[in-house]
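Visitor: Input protein.csv, format and content: CSV, C-alpha atoms.
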```
chain,number,residue,atom,x,y,z
R,1,MET,CA,235.9,133.9,233.0
R,2,THR,CA,232.7,131.9,232.4
R,3,ASP,CA,229.2,133.3,232.6
R,4,ALA,CA,226.8,131.3,234.8
R,5,ALA,CA,224.2,131.5,232.1
R,6,ASN,CA,226.5,129.6,229.8
R,7,GLU,CA,227.2,126.8,232.2
R,8,PRO,CA,224.6,124.4,230.6
R,9,ILE,CA,226.0,124.8,227.1
R,10,LEU,CA,229.6,124.6,228.3
R,11,ASN,CA,228.8,121.4,230.1
R,12,GLN,CA,227.0,120.1,227.0
R,13,ILE,CA,230.1,120.8,224.8
R,14,GLU,CA,232.5,119.3,227.3
R,15,LYS,CA,230.3,116.1,227.6
R,16,PHE,CA,230.3,115.9,223.8
R,17,LEU,CA,234.1,116.3,223.5
R,18,ILE,CA,234.7,113.7,226.2
R,19,ASN,CA,232.2,111.2,224.6
R,20,SER,CA,233.8,111.8,221.2
R,21,GLU,CA,237.3,111.1,222.7
R,22,LEU,CA,238.6,114.4,221.3
R,23,VAL,CA,241.6,116.0,222.9
R,24,TYR,CA,240.8,119.5,224.2
R,25,ASN,CA,241.7,122.3,226.6
R,26,LYS,CA,239.2,124.6,228.2
R,27,SER,CA,239.8,128.1,229.4
R,28,GLY,CA,236.7,130.0,230.5
R,29,ASN,CA,234.2,130.0,227.6
R,30,ILE,CA,236.7,128.7,225.0
R,31,PHE,CA,237.5,125.1,224.1
R,32,VAL,CA,240.5,124.4,221.9
R,33,VAL,CA,240.0,121.0,220.3
R,34,THR,CA,242.5,118.9,218.3
R,35,ILE,CA,240.7,117.0,215.5
R,36,PRO,CA,242.8,114.2,214.1
R,37,GLY,CA,243.0,113.9,210.3
R,38,SER,CA,244.1,111.6,207.6
R,39,HIS,CA,245.5,114.1,205.0
R,40,LYS,CA,246.2,116.8,207.5
R,41,LEU,CA,247.8,115.4,210.7
R,42,SER,CA,245.4,117.4,212.9
R,43,THR,CA,243.3,120.5,212.8
R,44,THR,CA,243.2,122.8,215.8
R,45,CYS,CA,239.7,124.2,216.3
R,46,SER,CA,238.4,126.7,218.8
R,47,LEU,CA,234.9,126.7,220.1
R,48,SER,CA,234.1,130.0,221.8
R,49,VAL,CA,230.8,130.3,223.7
R,50,GLY,CA,229.4,133.8,223.5
R,51,THR,CA,226.2,135.2,224.9
R,52,THR,CA,224.1,134.1,221.9
R,53,ALA,CA,226.3,132.1,219.6
R,54,LEU,CA,229.1,129.6,219.4
R,55,THR,CA,232.0,130.8,217.3
R,56,VAL,CA,234.0,128.2,215.5
R,57,ASN,CA,237.5,128.9,214.1
R,58,ALA,CA,240.0,126.4,212.7
R,59,PHE,CA,243.4,126.9,211.1
R,60,VAL,CA,243.7,125.1,207.8
R,61,ALA,CA,246.9,126.3,206.0
R,62,ARG,CA,249.3,129.1,205.9
R,63,ASN,CA,249.4,131.8,203.2
R,64,PRO,CA,250.2,130.0,200.0
R,65,ASP,CA,253.7,130.5,198.5
R,66,GLU,CA,252.3,130.8,195.0
R,67,ASN,CA,249.2,130.7,192.9
R,68,HIS,CA,247.1,132.7,195.4
R,69,GLU,CA,244.3,133.4,192.9
R,70,ALA,CA,243.7,129.7,192.2
R,71,VAL,CA,243.9,128.7,195.9
R,72,TYR,CA,241.5,131.5,197.0
R,73,ARG,CA,239.1,130.8,194.1
R,74,TRP,CA,239.1,127.1,194.9
R,75,ILE,CA,238.2,127.7,198.6
R,76,LEU,CA,235.6,130.3,197.7
R,77,GLU,CA,233.9,127.8,195.3
R,78,ARG,CA,233.8,125.3,198.2
R,79,ASN,CA,232.0,127.8,200.4
R,80,LEU,CA,228.9,127.5,198.3
R,81,LYS,CA,228.5,123.8,199.3
R,82,MET,CA,229.5,124.0,203.0
R,83,TYR,CA,227.5,123.8,206.2
R,84,GLY,CA,228.2,125.6,209.5
R,85,VAL,CA,231.6,127.0,208.6
R,86,CYS,CA,233.2,128.6,205.6
R,87,PHE,CA,236.7,129.2,204.4
R,88,ALA,CA,238.2,132.6,205.3
R,89,ILE,CA,241.6,134.3,205.1
R,90,ASP,CA,243.2,136.5,207.7
R,91,SER,CA,245.3,139.7,207.1
R,92,HIS,CA,248.3,137.5,206.5
R,93,GLY,CA,246.6,135.3,203.9
R,94,ASP,CA,246.4,132.3,206.1
R,95,ILE,CA,243.4,130.0,205.5
R,96,TYR,CA,240.9,129.3,208.2
R,97,LEU,CA,237.5,127.8,208.7
R,98,ALA,CA,235.1,130.2,210.5
R,99,GLY,CA,231.5,130.0,211.5
R,100,ARG,CA,228.9,131.2,214.0
R,101,VAL,CA,226.0,129.1,215.2
R,102,PRO,CA,223.2,130.2,217.6
R,103,LEU,CA,223.4,128.7,221.0
R,104,ALA,CA,219.7,127.8,220.9
R,105,SER,CA,220.4,125.4,218.0
R,106,LEU,CA,223.2,123.5,219.8
R,107,ASP,CA,222.6,119.9,220.8
R,108,GLU,CA,224.7,116.8,220.5
R,109,THR,CA,223.7,116.2,216.9
R,110,GLU,CA,224.6,119.8,215.9
R,111,LEU,CA,227.9,119.7,217.7
R,112,ASP,CA,228.8,116.4,216.0
R,113,ARG,CA,227.8,117.9,212.6
R,114,LEU,CA,229.9,121.0,213.2
R,115,ILE,CA,233.0,119.1,214.3
R,116,GLY,CA,232.5,116.7,211.5
R,117,CYS,CA,232.3,119.6,209.0
R,118,VAL,CA,235.5,121.1,210.4
R,119,TRP,CA,237.2,117.8,210.0
R,120,GLU,CA,235.8,117.1,206.5
R,121,TYR,CA,236.5,120.6,205.1
R,122,SER,CA,240.0,121.0,206.6
R,123,ASP,CA,241.2,117.4,206.0
R,124,GLY,CA,239.5,117.1,202.6
R,125,ALA,CA,240.9,120.4,201.3
R,126,PHE,CA,244.4,120.1,202.7
R,127,ASN,CA,246.1,118.3,199.8
R,128,THR,CA,244.4,120.4,197.1
R,129,ILE,CA,245.5,123.6,198.9
R,130,LEU,CA,249.0,122.3,199.2
R,131,GLU,CA,249.1,121.2,195.6
R,132,LEU,CA,247.8,124.6,194.3
R,133,GLY,CA,249.7,126.8,196.6
R,134,PHE,CA,252.9,125.1,197.5
R,135,ALA,CA,253.8,123.0,194.4
R,136,THR,CA,257.3,124.4,194.0
R,137,ALA,CA,258.1,123.8,197.7
R,138,ILE,CA,256.8,120.3,197.5
R,139,ARG,CA,259.0,119.6,194.4
R,140,LYS,CA,262.0,121.0,196.2
R,141,GLU,CA,261.3,118.9,199.3
R,142,TRP,CA,260.9,115.8,197.2
R,143,ASP,CA,264.2,116.4,195.4
R,144,TRP,CA,266.0,117.1,198.6
R,145,ARG,CA,264.8,113.9,200.2
R,146,ILE,CA,265.6,111.8,197.1
R,147,SER,CA,269.1,113.3,196.9
R,148,ARG,CA,269.8,112.3,200.5
R,149,GLY,CA,268.0,108.9,200.4
R,150,GLU,CA,265.3,110.1,202.8
R,151,SER,CA,261.8,108.8,202.9
R,152,THR,CA,259.2,110.4,200.8
R,153,ALA,CA,256.3,108.4,202.4
R,154,ASN,CA,254.5,111.5,203.7
R,155,LEU,CA,254.8,113.1,200.3
R,156,GLU,CA,253.3,110.2,198.3
R,157,ALA,CA,250.1,112.1,197.7
R,158,PHE,CA,252.2,114.6,195.7
R,159,ALA,CA,254.4,112.1,193.7
R,160,HIS,CA,252.8,113.4,190.5
R,161,LEU,CA,254.2,116.9,191.2
R,162,ALA,CA,257.7,115.5,191.5
R,163,ALA,CA,257.3,114.0,188.0
R,164,GLN,CA,256.1,117.4,186.6
R,165,GLN,CA,259.4,119.2,187.0
R,166,PRO,CA,259.2,122.6,185.3
```
Show how you would write the structure in this file as structure tokens.
Guide:
Amino acid sequence: MTDAANEPILNQIEKFLINSELVYNKSGNIFVVTIPGSHKLSTTCSLSVGTTALTVNAFVARNPDENHEAVYRWILERNLKMYGVCFAIDSHGDIYLAGRVPLASLDETELDRLIGCVWEYSDGAFNTILELGFATAIRKEWDWRISRGESTANLEAFAHLAAQQP
């Protein structure tokens, strides 16, 4: 259910998403936006309009299989340099971007900056998170594909891991 007081900001967000040619769904005060990537195929981001703030949440990666301390340390160090959103983990250890911005500060420039930050931080961190937290699984997948003559094209960014067999 939308609040009439939020209609102008909801219209502004919707106009921005349309002009940016981003795929989204809207339900009440929440927009679920699909942000295409280059390292990560896409990032799903929710924009939730509250009474005083826009809450931003985006799934980045599931709970790492291994090397949790290194993964979490790496993302926490990134938080020091980030704008609008920061890395967070949920009770399952899954990695998200989360942020809250005052509605009074939202305009087209700020929306563009926030969506750009979600894209940059999610897409830019994705391979490092996978390399740190899923190296064993990547090696196994690489070996499985090679043994069956399958393509490793979407694993090329991790070819160096395949060469580093334990």
Visitor: Can you tell me which residues surround range 104-110 of chain R at a distance of at most 12 Å, considering all atoms listed in the file, apart from same-chain residues fewer than 3 positions away, and format the answer as a ChimeraX atom specification?
Guide: /R:6,8-20,49-55,83-84,100-101,113-117
Visitor: Neighbouring residues of Asp94 in chain R were defined as those with any atom within 7 Å, considering all atoms listed in the file; residues of the same chain fewer than 6 positions away were excluded. Please report them as a ChimeraX atom specification.
Guide: /R:61-63
Visitor: Taking into account all atoms listed in the file, which residue in the set R:Asp123, R:Arg139, R:Thr128, R:His160 is nearest to Thr43 in chain R?
Guide: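 Closest residue, counting all atoms listed in the file: R:Asp123.
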Visitor: What gap, in Å, lies between CA of Phe59 in chain R and CA of Ile30 in chain R?
Guide: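 CA of Phe59 in chain R sits 15.5 Å away from CA of Ile30 in chain R.
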Visitor: Report the distance between CA of Leu47 in chain R and CA of Phe31 in chain R in Å, rounded to one decimal place.
Guide: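 Calculated distance between CA of Leu47 in chain R and CA of Phe31 in chain R is 5.0 Å.
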Visitor: Find the spatial neighbours of Met82 in chain R, counting all atoms listed in the file, within a cut-off of 12 Å - ignore same-chain residues fewer than 5 positions away - and output them as a JSON list (two decimals) with C-alpha atoms, in the coordinates of the input.
Guide:
```json
[["chain", "number", "residue", "atom", "x", "y", "z"],
["R", 75, "ILE", "CA", 238.20, 127.70, 198.60],
["R", 76, "LEU", "CA", 235.60, 130.30, 197.70],
["R", 77, "GLU", "CA", 233.90, 127.80, 195.30],
["R", 87, "PHE", "CA", 236.70, 129.20, 204.40],
["R", 97, "LEU", "CA", 237.50, 127.80, 208.70],
["R", 98, "ALA", "CA", 235.10, 130.20, 210.50],
["R", 99, "GLY", "CA", 231.50, 130.00, 211.50],
["R", 113, "ARG", "CA", 227.80, 117.90, 212.60],
["R", 114, "LEU", "CA", 229.90, 121.00, 213.20],
["R", 116, "GLY", "CA", 232.50, 116.70, 211.50],
["R", 117, "CYS", "CA", 232.30, 119.60, 209.00],
["R", 118, "VAL", "CA", 235.50, 121.10, 210.40],
["R", 120, "GLU", "CA", 235.80, 117.10, 206.50],
["R", 121, "TYR", "CA", 236.50, 120.60, 205.10],
["R", 122, "SER", "CA", 240.00, 121.00, 206.60]]
```
Visitor: Which value, in Å to one decimal, gives the distance between CA of Tyr96 in chain R and CA of Cys45 in chain R?
Guide: 9.6 Å
Visitor: My list of candidates is R:Cys86, R:His92, R:Asp112, R:His39. Which is closest to Phe158 in chain R when distances are computed with only C-alpha atoms?
Guide: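 Ranked by minimum distance to Phe158 in chain R, first place goes to R:His39.
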